[in-house]
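Here is input_1.pdb, consisting of PDB, C-alpha atoms:
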```pdb
ATOM      1  CA  MET A   1      15.893  10.935   6.617
ATOM      2  CA  LYS A   2      17.721   9.525   9.634
ATOM      3  CA  GLU A   3      15.033  10.994  11.840
ATOM      4  CA  PHE A   4      12.351   9.273   9.770
ATOM      5  CA  PHE A   5      13.918   5.838  10.203
ATOM      6  CA  ALA A   6      14.451   6.436  13.936
ATOM      7  CA  MET A   7      10.629   6.744  14.391
ATOM      8  CA  GLY A   8      11.068   8.807  17.548
ATOM      9  CA  GLY A   9      12.925   5.949  19.260
ATOM     10  CA  TYR A  10      10.324   3.330  18.284
ATOM     11  CA  ALA A  11      12.201   2.108  15.177
ATOM     12  CA  PHE A  12      12.408  -1.523  16.406
ATOM     13  CA  TYR A  13       8.661  -1.749  17.059
ATOM     14  CA  VAL A  14       7.430   0.138  13.981
ATOM     15  CA  TRP A  15       9.798  -1.471  11.459
ATOM     16  CA  GLY A  16       9.476  -4.836  13.197
ATOM     17  CA  ALA A  17       5.725  -4.690  12.624
ATOM     18  CA  TYR A  18       5.867  -3.429   9.025
ATOM     19  CA  GLY A  19       8.851  -5.612   8.086
ATOM     20  CA  VAL A  20       7.367  -8.899   9.261
ATOM     21  CA  THR A  21       3.938  -8.065   7.787
ATOM     22  CA  PHE A  22       5.229  -7.388   4.288
ATOM     23  CA  ALA A  23       7.732 -10.243   4.460
ATOM     24  CA  LEU A  24       4.877 -12.664   5.252
ATOM     25  CA  LEU A  25       2.647 -11.277   2.492
ATOM     26  CA  ALA A  26       5.572 -11.562   0.045
ATOM     27  CA  ILE A  27       6.219 -15.169   1.120
ATOM     28  CA  GLU A  28       2.540 -16.040   0.564
ATOM     29  CA  LEU A  29       2.724 -14.563  -2.951
ATOM     30  CA  VAL A  30       5.978 -16.375  -3.794
ATOM     31  CA  VAL A  31       4.629 -19.728  -2.538
ATOM     32  CA  LEU A  32       1.439 -19.224  -4.564
ATOM     33  CA  LEU A  33       3.264 -18.288  -7.770
ATOM     34  CA  LYS A  34       5.650 -21.224  -7.334
ATOM     35  CA  ARG A  35       2.630 -23.517  -6.965
ATOM     36  CA  LYS A  36       1.212 -21.991 -10.143
ATOM     37  CA  ARG A  37       4.363 -22.828 -12.108
ATOM     38  CA  GLU A  38       4.321 -26.402 -10.789
ATOM     39  CA  THR A  39       0.709 -27.114 -11.707
ATOM     40  CA  GLN A  40       0.674 -25.318 -15.035
ATOM     41  CA  THR A  41       0.526 -27.824 -17.820
TER      42      THR A  41
ATOM     43  CA  MET B   1     -34.099 -19.434 -12.041
ATOM     44  CA  THR B   2     -34.518 -16.717 -14.635
ATOM     45  CA  THR B   3     -32.387 -16.867 -17.723
ATOM     46  CA  HIS B   4     -31.574 -13.161 -17.969
ATOM     47  CA  GLY B   5     -29.164 -11.146 -15.794
ATOM     48  CA  ILE B   6     -26.117 -12.714 -14.180
ATOM     49  CA  LYS B   7     -26.200 -16.475 -14.473
ATOM     50  CA  TRP B   8     -25.014 -17.336 -10.923
ATOM     51  CA  PHE B   9     -25.261 -21.083 -11.355
ATOM     52  CA  TRP B  10     -23.281 -20.875 -14.569
ATOM     53  CA  TYR B  11     -20.349 -19.564 -12.502
ATOM     54  CA  ALA B  12     -20.864 -22.201  -9.801
ATOM     55  CA  SER B  13     -19.045 -24.603 -12.116
ATOM     56  CA  PRO B  14     -15.266 -24.583 -11.503
ATOM     57  CA  GLN B  15     -14.536 -24.701 -15.246
ATOM     58  CA  THR B  16     -16.502 -21.564 -16.090
ATOM     59  CA  PHE B  17     -15.379 -19.766 -12.917
ATOM     60  CA  PHE B  18     -11.680 -20.370 -13.655
ATOM     61  CA  PRO B  19     -11.087 -17.574 -16.238
ATOM     62  CA  LEU B  20     -13.359 -15.121 -14.372
ATOM     63  CA  ALA B  21     -11.377 -15.705 -11.137
ATOM     64  CA  GLY B  22      -8.155 -14.930 -13.015
ATOM     65  CA  THR B  23      -9.485 -11.640 -14.350
ATOM     66  CA  ILE B  24     -10.802 -10.512 -10.937
ATOM     67  CA  ALA B  25      -7.551 -11.585  -9.246
ATOM     68  CA  ARG B  26      -5.433  -9.496 -11.623
ATOM     69  CA  LEU B  27      -7.715  -6.465 -11.207
ATOM     70  CA  CYS B  28      -7.755  -6.719  -7.394
ATOM     71  CA  GLY B  29      -3.994  -7.331  -7.274
ATOM     72  CA  SER B  30      -3.356  -4.077  -9.160
ATOM     73  CA  LEU B  31      -5.860  -2.157  -6.997
ATOM     74  CA  SER B  32      -4.213  -3.558  -3.869
ATOM     75  CA  LEU B  33      -0.848  -2.118  -4.903
ATOM     76  CA  VAL B  34      -2.395   1.314  -5.567
ATOM     77  CA  PHE B  35      -4.201   1.372  -2.194
ATOM     78  CA  LEU B  36      -1.079   0.093  -0.445
ATOM     79  CA  LEU B  37       1.170   2.855  -1.806
ATOM     80  CA  ALA B  38      -1.450   5.525  -1.020
ATOM     81  CA  GLY B  39      -2.016   4.029   2.447
ATOM     82  CA  LEU B  40       1.694   3.880   3.302
ATOM     83  CA  TYR B  41       2.136   7.464   2.112
ATOM     84  CA  VAL B  42      -0.687   8.687   4.376
ATOM     85  CA  ALA B  43       0.475   6.470   7.260
ATOM     86  CA  PHE B  44       4.040   7.790   7.309
ATOM     87  CA  PHE B  45       3.994  11.251   5.704
ATOM     88  CA  VAL B  46       0.501  12.720   6.187
ATOM     89  CA  ALA B  47      -0.860  11.415   9.508
ATOM     90  CA  PRO B  48       0.472  13.443  12.462
ATOM     91  CA  THR B  49       2.478  12.028  15.382
ATOM     92  CA  ASP B  50       0.184  10.827  18.165
ATOM     93  CA  ALA B  51       0.169  13.099  21.234
ATOM     94  CA  THR B  52       0.556  10.300  23.792
ATOM     95  CA  GLN B  53       1.963   7.313  21.876
ATOM     96  CA  GLY B  54       4.518   9.121  19.723
ATOM     97  CA  GLU B  55       5.500   7.347  16.485
ATOM     98  CA  ALA B  56       4.750   3.863  17.881
ATOM     99  CA  TYR B  57       1.066   4.364  17.075
ATOM    100  CA  ARG B  58       1.875   4.085  13.317
ATOM    101  CA  ILE B  59       1.709   0.308  13.845
ATOM    102  CA  ILE B  60      -2.112   0.595  14.013
ATOM    103  CA  PHE B  61      -2.211   1.298  10.252
ATOM    104  CA  ILE B  62      -1.498  -2.395   9.693
ATOM    105  CA  HIS B  63      -2.714  -3.771  13.039
ATOM    106  CA  VAL B  64      -6.342  -2.627  12.804
ATOM    107  CA  PRO B  65      -6.918  -3.496   9.100
ATOM    108  CA  ALA B  66      -5.243  -6.905   9.639
ATOM    109  CA  ALA B  67      -7.484  -7.580  12.654
ATOM    110  CA  TRP B  68     -10.558  -6.588  10.626
ATOM    111  CA  MET B  69      -9.495  -8.918   7.793
ATOM    112  CA  SER B  70      -8.810 -11.809  10.199
ATOM    113  CA  MET B  71     -12.424 -11.704  11.429
ATOM    114  CA  PHE B  72     -14.029 -10.845   8.092
ATOM    115  CA  LEU B  73     -12.198 -13.609   6.193
ATOM    116  CA  TYR B  74     -13.318 -16.153   8.790
ATOM    117  CA  VAL B  75     -16.969 -15.169   8.293
ATOM    118  CA  VAL B  76     -16.569 -15.382   4.499
ATOM    119  CA  MET B  77     -14.816 -18.756   4.847
ATOM    120  CA  ALA B  78     -17.617 -20.067   7.088
ATOM    121  CA  PHE B  79     -20.200 -18.734   4.605
ATOM    122  CA  TRP B  80     -18.657 -20.644   1.679
ATOM    123  CA  ALA B  81     -18.215 -23.730   3.852
ATOM    124  CA  ALA B  82     -21.890 -23.591   4.863
ATOM    125  CA  LEU B  83     -22.966 -23.107   1.248
ATOM    126  CA  GLY B  84     -20.859 -26.101   0.241
ATOM    127  CA  LEU B  85     -22.431 -28.148   3.034
ATOM    128  CA  ALA B  86     -25.996 -27.146   2.122
ATOM    129  CA  MET B  87     -25.808 -27.077  -1.690
ATOM    130  CA  ASN B  88     -23.076 -29.684  -2.131
ATOM    131  CA  THR B  89     -21.267 -27.410  -4.603
ATOM    132  CA  ARG B  90     -17.590 -28.194  -5.067
ATOM    133  CA  LEU B  91     -16.583 -24.613  -5.798
ATOM    134  CA  SER B  92     -17.991 -23.347  -2.475
ATOM    135  CA  ALA B  93     -15.848 -25.772  -0.500
ATOM    136  CA  MET B  94     -12.851 -24.804  -2.642
ATOM    137  CA  MET B  95     -13.440 -21.123  -1.806
ATOM    138  CA  ALA B  96     -13.442 -21.955   1.923
ATOM    139  CA  ARG B  97     -10.171 -23.883   1.527
ATOM    140  CA  ALA B  98      -8.641 -21.032  -0.501
ATOM    141  CA  LEU B  99      -9.461 -18.418   2.148
ATOM    142  CA  ALA B 100      -8.127 -20.236   5.223
ATOM    143  CA  PRO B 101      -4.342 -19.646   4.796
ATOM    144  CA  THR B 102      -4.803 -15.915   4.072
ATOM    145  CA  GLY B 103      -7.145 -15.578   7.065
ATOM    146  CA  ALA B 104      -4.613 -17.306   9.299
ATOM    147  CA  LEU B 105      -1.893 -15.010   7.947
ATOM    148  CA  PHE B 106      -3.840 -11.847   8.790
ATOM    149  CA  THR B 107      -4.677 -13.246  12.239
ATOM    150  CA  PHE B 108      -0.980 -13.809  12.892
ATOM    151  CA  ILE B 109      -0.157 -10.309  11.586
ATOM    152  CA  ALA B 110      -2.786  -8.793  13.912
ATOM    153  CA  LEU B 111      -1.275 -10.635  16.889
ATOM    154  CA  TRP B 112       2.322  -9.869  15.906
ATOM    155  CA  THR B 113       1.817  -6.148  15.283
ATOM    156  CA  GLY B 114      -0.357  -5.899  18.399
ATOM    157  CA  SER B 115       2.460  -7.369  20.425
ATOM    158  CA  LEU B 116       4.988  -4.908  18.988
ATOM    159  CA  TRP B 117       2.555  -2.086  19.746
ATOM    160  CA  GLY B 118       1.777  -3.371  23.244
ATOM    161  CA  LYS B 119       5.380  -3.498  24.437
ATOM    162  CA  PRO B 120       6.110   0.264  24.163
ATOM    163  CA  THR B 121       2.569   1.442  25.044
ATOM    164  CA  TRP B 122       1.365  -1.103  27.641
ATOM    165  CA  GLY B 123       4.779  -2.287  28.780
ATOM    166  CA  THR B 124       4.057  -5.923  27.906
ATOM    167  CA  TRP B 125       4.204  -8.132  24.794
ATOM    168  CA  TRP B 126       1.174 -10.186  25.775
ATOM    169  CA  VAL B 127      -1.629 -10.378  28.326
ATOM    170  CA  TRP B 128      -4.356 -12.982  28.609
ATOM    171  CA  ASP B 129      -7.187 -10.514  28.252
ATOM    172  CA  ALA B 130     -10.419 -11.334  26.415
ATOM    173  CA  ARG B 131      -9.528  -9.572  23.129
ATOM    174  CA  LEU B 132      -6.066 -11.062  22.763
ATOM    175  CA  THR B 133      -7.095 -14.552  23.881
ATOM    176  CA  SER B 134     -10.127 -14.743  21.568
ATOM    177  CA  GLU B 135      -7.974 -13.550  18.625
ATOM    178  CA  LEU B 136      -5.443 -16.291  19.442
ATOM    179  CA  ILE B 137      -8.315 -18.818  19.438
ATOM    180  CA  LEU B 138      -9.234 -17.520  15.956
ATOM    181  CA  LEU B 139      -5.706 -18.382  14.780
ATOM    182  CA  PHE B 140      -6.104 -21.912  16.199
ATOM    183  CA  LEU B 141      -9.497 -22.229  14.469
ATOM    184  CA  TYR B 142      -7.860 -21.445  11.108
ATOM    185  CA  PHE B 143      -5.066 -23.953  11.864
ATOM    186  CA  GLY B 144      -7.659 -26.526  12.964
ATOM    187  CA  PHE B 145      -9.656 -26.053   9.761
ATOM    188  CA  MET B 146      -6.577 -26.477   7.564
ATOM    189  CA  ALA B 147      -5.248 -29.447   9.544
ATOM    190  CA  LEU B 148      -8.628 -31.213   9.509
ATOM    191  CA  GLN B 149      -8.986 -30.674   5.731
ATOM    192  CA  ALA B 150      -5.475 -31.993   5.144
ATOM    193  CA  SER B 151      -5.910 -35.055   7.383
ATOM    194  CA  ILE B 152      -8.870 -36.585   5.492
ATOM    195  CA  ASP B 153      -8.085 -37.977   2.046
ATOM    196  CA  ASP B 154     -11.644 -38.217   0.734
ATOM    197  CA  ARG B 155     -12.350 -34.708  -0.535
ATOM    198  CA  ARG B 156     -16.110 -34.770   0.083
ATOM    199  CA  ARG B 157     -15.666 -35.935   3.664
ATOM    200  CA  SER B 158     -12.871 -33.472   4.407
ATOM    201  CA  ASP B 159     -14.973 -30.608   3.046
ATOM    202  CA  ARG B 160     -17.911 -31.635   5.235
ATOM    203  CA  ALA B 161     -15.779 -31.988   8.367
ATOM    204  CA  GLY B 162     -14.046 -28.651   7.693
ATOM    205  CA  ALA B 163     -17.379 -26.925   7.116
ATOM    206  CA  LEU B 164     -18.694 -28.131  10.485
ATOM    207  CA  LEU B 165     -15.578 -26.859  12.263
ATOM    208  CA  ALA B 166     -15.775 -23.519  10.448
ATOM    209  CA  LEU B 167     -19.451 -23.112  11.376
ATOM    210  CA  VAL B 168     -18.959 -23.988  15.048
ATOM    211  CA  GLY B 169     -15.993 -21.625  15.224
ATOM    212  CA  VAL B 170     -17.869 -18.667  13.762
ATOM    213  CA  VAL B 171     -19.314 -18.026  17.251
ATOM    214  CA  ASN B 172     -15.836 -16.769  18.184
ATOM    215  CA  VAL B 173     -16.026 -13.797  15.780
ATOM    216  CA  PRO B 174     -18.672 -11.762  17.688
ATOM    217  CA  ILE B 175     -16.847 -12.701  20.897
ATOM    218  CA  ILE B 176     -13.676 -11.065  19.519
ATOM    219  CA  TYR B 177     -15.585  -8.037  18.263
ATOM    220  CA  TYR B 178     -17.523  -7.376  21.499
ATOM    221  CA  SER B 179     -14.825  -8.619  23.907
ATOM    222  CA  VAL B 180     -13.710  -5.065  24.703
ATOM    223  CA  GLN B 181     -17.283  -4.202  25.768
ATOM    224  CA  TRP B 182     -18.233  -7.432  27.526
ATOM    225  CA  TRP B 183     -15.097  -7.735  29.615
ATOM    226  CA  ASN B 184     -12.625  -5.424  31.286
ATOM    227  CA  THR B 185      -9.764  -5.649  28.838
ATOM    228  CA  LEU B 186      -6.347  -4.032  28.699
ATOM    229  CA  HIS B 187      -7.025  -3.749  24.968
ATOM    230  CA  GLN B 188      -8.728  -0.438  24.207
ATOM    231  CA  GLY B 189     -12.282  -0.186  22.866
ATOM    232  CA  ALA B 190     -13.013   0.430  19.202
ATOM    233  CA  SER B 191     -11.949   3.828  17.844
ATOM    234  CA  VAL B 192     -13.857   3.106  14.643
ATOM    235  CA  SER B 193     -17.323   1.532  14.741
ATOM    236  CA  PHE B 194     -20.490   1.267  12.700
ATOM    237  CA  THR B 195     -22.513   3.405  15.089
ATOM    238  CA  ARG B 196     -20.552   6.641  15.579
ATOM    239  CA  ALA B 197     -17.920   8.893  14.008
ATOM    240  CA  PRO B 198     -14.300   7.672  14.403
ATOM    241  CA  SER B 199     -12.567   9.092  17.487
ATOM    242  CA  MET B 200      -9.288   9.950  15.767
ATOM    243  CA  ALA B 201      -7.773  12.516  13.405
ATOM    244  CA  ALA B 202      -9.273  12.421   9.902
ATOM    245  CA  THR B 203      -5.900  11.674   8.265
ATOM    246  CA  MET B 204      -5.271   8.762  10.662
ATOM    247  CA  PHE B 205      -8.693   7.368   9.750
ATOM    248  CA  LEU B 206      -7.970   7.833   6.038
ATOM    249  CA  GLY B 207      -4.676   5.935   6.367
ATOM    250  CA  MET B 208      -6.422   3.063   8.100
ATOM    251  CA  ILE B 209      -9.185   2.880   5.478
ATOM    252  CA  LEU B 210      -6.645   2.888   2.611
ATOM    253  CA  MET B 211      -4.652   0.090   4.255
ATOM    254  CA  ALA B 212      -7.875  -1.842   4.902
ATOM    255  CA  LEU B 213      -8.797  -1.523   1.198
ATOM    256  CA  ALA B 214      -5.289  -2.675   0.229
ATOM    257  CA  PHE B 215      -5.585  -5.776   2.475
ATOM    258  CA  TRP B 216      -9.096  -6.397   1.180
ATOM    259  CA  MET B 217      -8.006  -6.337  -2.477
ATOM    260  CA  TYR B 218      -4.922  -8.422  -1.614
ATOM    261  CA  SER B 219      -7.116 -11.063   0.066
ATOM    262  CA  ILE B 220      -9.484 -11.300  -2.915
ATOM    263  CA  ALA B 221      -6.566 -11.552  -5.364
ATOM    264  CA  VAL B 222      -4.728 -14.209  -3.347
ATOM    265  CA  ALA B 223      -7.846 -16.259  -2.521
ATOM    266  CA  LEU B 224      -8.965 -16.324  -6.175
ATOM    267  CA  THR B 225      -5.455 -17.209  -7.366
ATOM    268  CA  ARG B 226      -5.393 -20.033  -4.807
ATOM    269  CA  VAL B 227      -8.853 -21.299  -5.777
ATOM    270  CA  ARG B 228      -7.621 -21.510  -9.391
ATOM    271  CA  ARG B 229      -4.790 -23.746  -8.167
ATOM    272  CA  LEU B 230      -7.274 -25.879  -6.208
ATOM    273  CA  ILE B 231      -9.459 -26.237  -9.320
ATOM    274  CA  VAL B 232      -6.483 -27.349 -11.418
ATOM    275  CA  GLU B 233      -5.160 -29.721  -8.739
ATOM    276  CA  ASP B 234      -8.567 -31.305  -8.029
ATOM    277  CA  GLU B 235      -9.307 -31.901 -11.710
ATOM    278  CA  ARG B 236      -6.165 -33.974 -12.215
TER     279      ARG B 236
END
```
Will you turn the file into structure tokens for me?
Amino acid sequence: MKEFFAMGGYAFYVWGAYGVTFALLAIELVVLLKRKRETQT
Amino acid sequence: MTTHGIKWFWYASPQTFFPLAGTIARLCGSLSLVFLLAGLYVAFFVAPTDATQGEAYRIIFIHVPAAWMSMFLYVVMAFWAALGLAMNTRLSAMMARALAPTGALFTFIALWTGSLWGKPTWGTWWVWDARLTSELILLFLYFGFMALQASIDDRRRSDRAGALLALVGVVNVPIIYYSVQWWNTLHQGASVSFTRAPSMAATMFLGMILMALAFWMYSIAVALTRVRRLIVEDER
């Protein structure tokens, strides 16, 4: 498990890439759903 | 226009398209999650460690599909913008506006993940080579399109101006795609292309295709959800 998260010493690069990607996609979804609540009448 | 088969012009009306867009968005959203879980599983637990790049290469499972989406979404956006310009259909222009933020997002993701891949493998975060520079220009084109649309209050005029910008900018897409052949770039050539078999392990290719499908379904779901918001907001 620890070995998996270490990514052969590339943990910062691999998780930095995946982390930011999914954070941004999640933010886009949250913003969109918030907009949906605001405009729903 | 024939009356049988799919009534395309029926769905060109925002009111009739609205419920259909919701159904497709929900379907594609669910499919996206399935492809994403399968893709991540293959990317981290099935695909082998790369012989020369070690585990750092696993970044390509999001980098390459995101780069594909960044270019593809621009072409689709330009297509809808052109259709809106030619046919004067409101829904076409709305589709172009709905696609721009997601396209910009995938362009940024391609640049960001490329940078995090470049540092351990090339030894640099960024170089001004043809591939990286033209992809950065694509990001600015998306920003330009959104800023131009937002800066003009009259909707018909802002749609026309945005469509012109989108159409002029579409010339950048083949430049990005062929940049690695036309110029001497630090960025490697395509490992996957339309003309020959992919030059990578089958499981690596599978992981990339699954992630590409996940991003594809995500983009459709998000763009259709956003176009529904645009329909509601424009009708008020």
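Every protein or nucleic acid residue with an atom no more than 7 Å from Leu210 of chain B, counting only C-alpha atoms and leaving out same-chain residues fewer than 2 positions away, appears here: B:Phe35, B:Leu36, B:Ala38, B:Gly39, B:Leu206, B:Gly207, B:Met208, B:Ala212, B:Leu213, B:Ala214.
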Original post:
Counting all atoms listed in the file, what is within 9 Å of Leu32 of chain A, bar same-chain residues fewer than 4 positions away, as a list in words?
Top reply: Ile27, Glu28, Lys36 and Arg37 of chain A; Val222, Thr225, Arg226 and Arg229 of chain B
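For chain B, the residues close to chain A, meaning within 8 Å and counting only C-alpha atoms, are B:Gly54, B:Glu55, B:Ala56, B:Arg58, B:Ile59, B:Ile62, B:Leu105, B:Ile109, B:Trp112, B:Thr113, B:Leu116, B:Trp117, B:Pro120, B:Val222, B:Thr225, B:Arg226, B:Arg229, B:Val232, B:Glu233.
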Padding 3 Å on each side, edges along x, y and z: where is the centre of the box around the listed atoms of segment 207-219 of chain B, and how long are its edges in Å to one decimal? Output it as lines of an AutoDock Vina configuration file.
```
center_x = -6.9
center_y = -2.6
center_z = 2.8
size_x = 10.5
size_y = 23.0
size_z = 16.6
```
Subject >> Computed interatomic separation between atom CA of Ser32 of chain B and atom CA of Met217 of chain B (Å) >> reply: 4.9 Å
**OP:** List, as a PyMOL selection string, every residue that the PyMOL selection byres ((chain B and resi 82-94) around 8) selects in the file provided.
**Re:** chain B and resi 12-14+78-81+95-98+159-160+163-164+167+227+230-231
Saved selection, atoms kept: C-alpha atoms, as a PDB file, in the coordinates of the input:
```pdb
ATOM      1  CA  ALA B  12     -20.864 -22.201  -9.801  1.00  0.00           C
ATOM      2  CA  SER B  13     -19.045 -24.603 -12.116  1.00  0.00           C
ATOM      3  CA  PRO B  14     -15.266 -24.583 -11.503  1.00  0.00           C
ATOM      4  CA  ALA B  78     -17.617 -20.067   7.088  1.00  0.00           C
ATOM      5  CA  PHE B  79     -20.200 -18.734   4.605  1.00  0.00           C
ATOM      6  CA  TRP B  80     -18.657 -20.644   1.679  1.00  0.00           C
ATOM      7  CA  ALA B  81     -18.215 -23.730   3.852  1.00  0.00           C
ATOM      8  CA  MET B  95     -13.440 -21.123  -1.806  1.00  0.00           C
ATOM      9  CA  ALA B  96     -13.442 -21.955   1.923  1.00  0.00           C
ATOM     10  CA  ARG B  97     -10.171 -23.883   1.527  1.00  0.00           C
ATOM     11  CA  ALA B  98      -8.641 -21.032  -0.501  1.00  0.00           C
ATOM     12  CA  ASP B 159     -14.973 -30.608   3.046  1.00  0.00           C
ATOM     13  CA  ARG B 160     -17.911 -31.635   5.235  1.00  0.00           C
ATOM     14  CA  ALA B 163     -17.379 -26.925   7.116  1.00  0.00           C
ATOM     15  CA  LEU B 164     -18.694 -28.131  10.485  1.00  0.00           C
ATOM     16  CA  LEU B 167     -19.451 -23.112  11.376  1.00  0.00           C
ATOM     17  CA  VAL B 227      -8.853 -21.299  -5.777  1.00  0.00           C
ATOM     18  CA  LEU B 230      -7.274 -25.879  -6.208  1.00  0.00           C
ATOM     19  CA  ILE B 231      -9.459 -26.237  -9.320  1.00  0.00           C
TER      20      ILE B 231
END
```
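The space separating atom CA of Ile220 of chain B from atom CA of Ala25 of chain B comes to 6.6 Å.
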Subject >> Residues returned when the PyMOL selection byres ((chain B and resi 74) around 10) runs on this file, as an MDAnalysis selection string >> reply: chainID B and resid 69:73 75:80 96 99:100 102:104 107 138:139 141:142 166:167 169:170 172:173
Could you save the residues just selected, with C-alpha atoms, as a PDB file, in the frame of the given file?
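See selection10.pdb below for the written result:
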```pdb
ATOM      1  CA  MET B  69      -9.495  -8.918   7.793  1.00  0.00           C
ATOM      2  CA  SER B  70      -8.810 -11.809  10.199  1.00  0.00           C
ATOM      3  CA  MET B  71     -12.424 -11.704  11.429  1.00  0.00           C
ATOM      4  CA  PHE B  72     -14.029 -10.845   8.092  1.00  0.00           C
ATOM      5  CA  LEU B  73     -12.198 -13.609   6.193  1.00  0.00           C
ATOM      6  CA  VAL B  75     -16.969 -15.169   8.293  1.00  0.00           C
ATOM      7  CA  VAL B  76     -16.569 -15.382   4.499  1.00  0.00           C
ATOM      8  CA  MET B  77     -14.816 -18.756   4.847  1.00  0.00           C
ATOM      9  CA  ALA B  78     -17.617 -20.067   7.088  1.00  0.00           C
ATOM     10  CA  PHE B  79     -20.200 -18.734   4.605  1.00  0.00           C
ATOM     11  CA  TRP B  80     -18.657 -20.644   1.679  1.00  0.00           C
ATOM     12  CA  ALA B  96     -13.442 -21.955   1.923  1.00  0.00           C
ATOM     13  CA  LEU B  99      -9.461 -18.418   2.148  1.00  0.00           C
ATOM     14  CA  ALA B 100      -8.127 -20.236   5.223  1.00  0.00           C
ATOM     15  CA  THR B 102      -4.803 -15.915   4.072  1.00  0.00           C
ATOM     16  CA  GLY B 103      -7.145 -15.578   7.065  1.00  0.00           C
ATOM     17  CA  ALA B 104      -4.613 -17.306   9.299  1.00  0.00           C
ATOM     18  CA  THR B 107      -4.677 -13.246  12.239  1.00  0.00           C
ATOM     19  CA  LEU B 138      -9.234 -17.520  15.956  1.00  0.00           C
ATOM     20  CA  LEU B 139      -5.706 -18.382  14.780  1.00  0.00           C
ATOM     21  CA  LEU B 141      -9.497 -22.229  14.469  1.00  0.00           C
ATOM     22  CA  TYR B 142      -7.860 -21.445  11.108  1.00  0.00           C
ATOM     23  CA  ALA B 166     -15.775 -23.519  10.448  1.00  0.00           C
ATOM     24  CA  LEU B 167     -19.451 -23.112  11.376  1.00  0.00           C
ATOM     25  CA  GLY B 169     -15.993 -21.625  15.224  1.00  0.00           C
ATOM     26  CA  VAL B 170     -17.869 -18.667  13.762  1.00  0.00           C
ATOM     27  CA  ASN B 172     -15.836 -16.769  18.184  1.00  0.00           C
ATOM     28  CA  VAL B 173     -16.026 -13.797  15.780  1.00  0.00           C
TER      29      VAL B 173
END
```
Subject >> Between atom CA of Ala51 of chain B and atom CA of Leu111 of chain B - distance in Å to one decimal >> reply: 24.2 Å
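Residues near the point (-5.6, -16.4, 21.9), at a distance of 12 Å or less over all atoms listed in the file, make up Thr107, Phe108, Ala110, Leu111, Trp112, Trp126, Val127, Trp128, Asp129, Ala130, Arg131, Leu132, Thr133, Ser134, Glu135, Leu136, Ile137, Leu138, Leu139, Phe140, Leu141, Asn172, Ile175 and Ile176 of chain B.
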Original post:
Could you spell out the hits of the PyMOL selection byres ((chain B and resi 187-196) around 10) on the shown file, as a VMD selection string?
Top reply: chain B and resid 64 114 118 122 127 129 to 132 177 to 181 184 to 186 197 to 200 205 208
Export of prior selection with C-alpha atoms as a PDB file, in the coordinates of the input:
```
ATOM      1  CA  VAL B  64      -6.342  -2.627  12.804  1.00  0.00           C
ATOM      2  CA  GLY B 114      -0.357  -5.899  18.399  1.00  0.00           C
ATOM      3  CA  GLY B 118       1.777  -3.371  23.244  1.00  0.00           C
ATOM      4  CA  TRP B 122       1.365  -1.103  27.641  1.00  0.00           C
ATOM      5  CA  VAL B 127      -1.629 -10.378  28.326  1.00  0.00           C
ATOM      6  CA  ASP B 129      -7.187 -10.514  28.252  1.00  0.00           C
ATOM      7  CA  ALA B 130     -10.419 -11.334  26.415  1.00  0.00           C
ATOM      8  CA  ARG B 131      -9.528  -9.572  23.129  1.00  0.00           C
ATOM      9  CA  LEU B 132      -6.066 -11.062  22.763  1.00  0.00           C
ATOM     10  CA  TYR B 177     -15.585  -8.037  18.263  1.00  0.00           C
ATOM     11  CA  TYR B 178     -17.523  -7.376  21.499  1.00  0.00           C
ATOM     12  CA  SER B 179     -14.825  -8.619  23.907  1.00  0.00           C
ATOM     13  CA  VAL B 180     -13.710  -5.065  24.703  1.00  0.00           C
ATOM     14  CA  GLN B 181     -17.283  -4.202  25.768  1.00  0.00           C
ATOM     15  CA  ASN B 184     -12.625  -5.424  31.286  1.00  0.00           C
ATOM     16  CA  THR B 185      -9.764  -5.649  28.838  1.00  0.00           C
ATOM     17  CA  LEU B 186      -6.347  -4.032  28.699  1.00  0.00           C
ATOM     18  CA  ALA B 197     -17.920   8.893  14.008  1.00  0.00           C
ATOM     19  CA  PRO B 198     -14.300   7.672  14.403  1.00  0.00           C
ATOM     20  CA  SER B 199     -12.567   9.092  17.487  1.00  0.00           C
ATOM     21  CA  MET B 200      -9.288   9.950  15.767  1.00  0.00           C
ATOM     22  CA  PHE B 205      -8.693   7.368   9.750  1.00  0.00           C
ATOM     23  CA  MET B 208      -6.422   3.063   8.100  1.00  0.00           C
TER      24      MET B 208
END
```
**OP:** Take the point (-6.3, -27.2, 3.8) as written in the file and pick out every residue within 8 Å of it, counting all atoms listed in the file; give the list as a list of chain:residue names.
**Re:** B:Arg97, B:Ala98, B:Ala100, B:Pro101, B:Phe145, B:Met146, B:Ala147, B:Leu148, B:Gln149, B:Ala150
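With distances taken over all atoms listed in the file, B:Phe106 is the one residue among B:Trp10, B:Phe18, B:Phe143, B:Phe106 lying closest to Pro65 of chain B.
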Can you sort out segment 3-7 of chain A so it carries N, CA and C atoms, written as a PDB file, in the frame of the given file?
```
ATOM      1  N   GLU A   3      16.084  10.777  10.840  1.00  0.00           N
ATOM      2  CA  GLU A   3      15.033  10.994  11.840  1.00  0.00           C
ATOM      3  C   GLU A   3      13.803  10.147  11.518  1.00  0.00           C
ATOM      4  N   PHE A   4      13.505  10.059  10.204  1.00  0.00           N
ATOM      5  CA  PHE A   4      12.351   9.273   9.770  1.00  0.00           C
ATOM      6  C   PHE A   4      12.523   7.809  10.167  1.00  0.00           C
ATOM      7  N   PHE A   5      13.700   7.249   9.900  1.00  0.00           N
ATOM      8  CA  PHE A   5      13.918   5.838  10.203  1.00  0.00           C
ATOM      9  C   PHE A   5      14.028   5.572  11.701  1.00  0.00           C
ATOM     10  N   ALA A   6      14.351   6.613  12.487  1.00  0.00           N
ATOM     11  CA  ALA A   6      14.451   6.436  13.936  1.00  0.00           C
ATOM     12  C   ALA A   6      13.065   6.314  14.577  1.00  0.00           C
ATOM     13  N   MET A   7      12.015   6.833  13.915  1.00  0.00           N
ATOM     14  CA  MET A   7      10.629   6.744  14.391  1.00  0.00           C
ATOM     15  C   MET A   7      10.507   7.175  15.863  1.00  0.00           C
TER      16      MET A   7
END
```
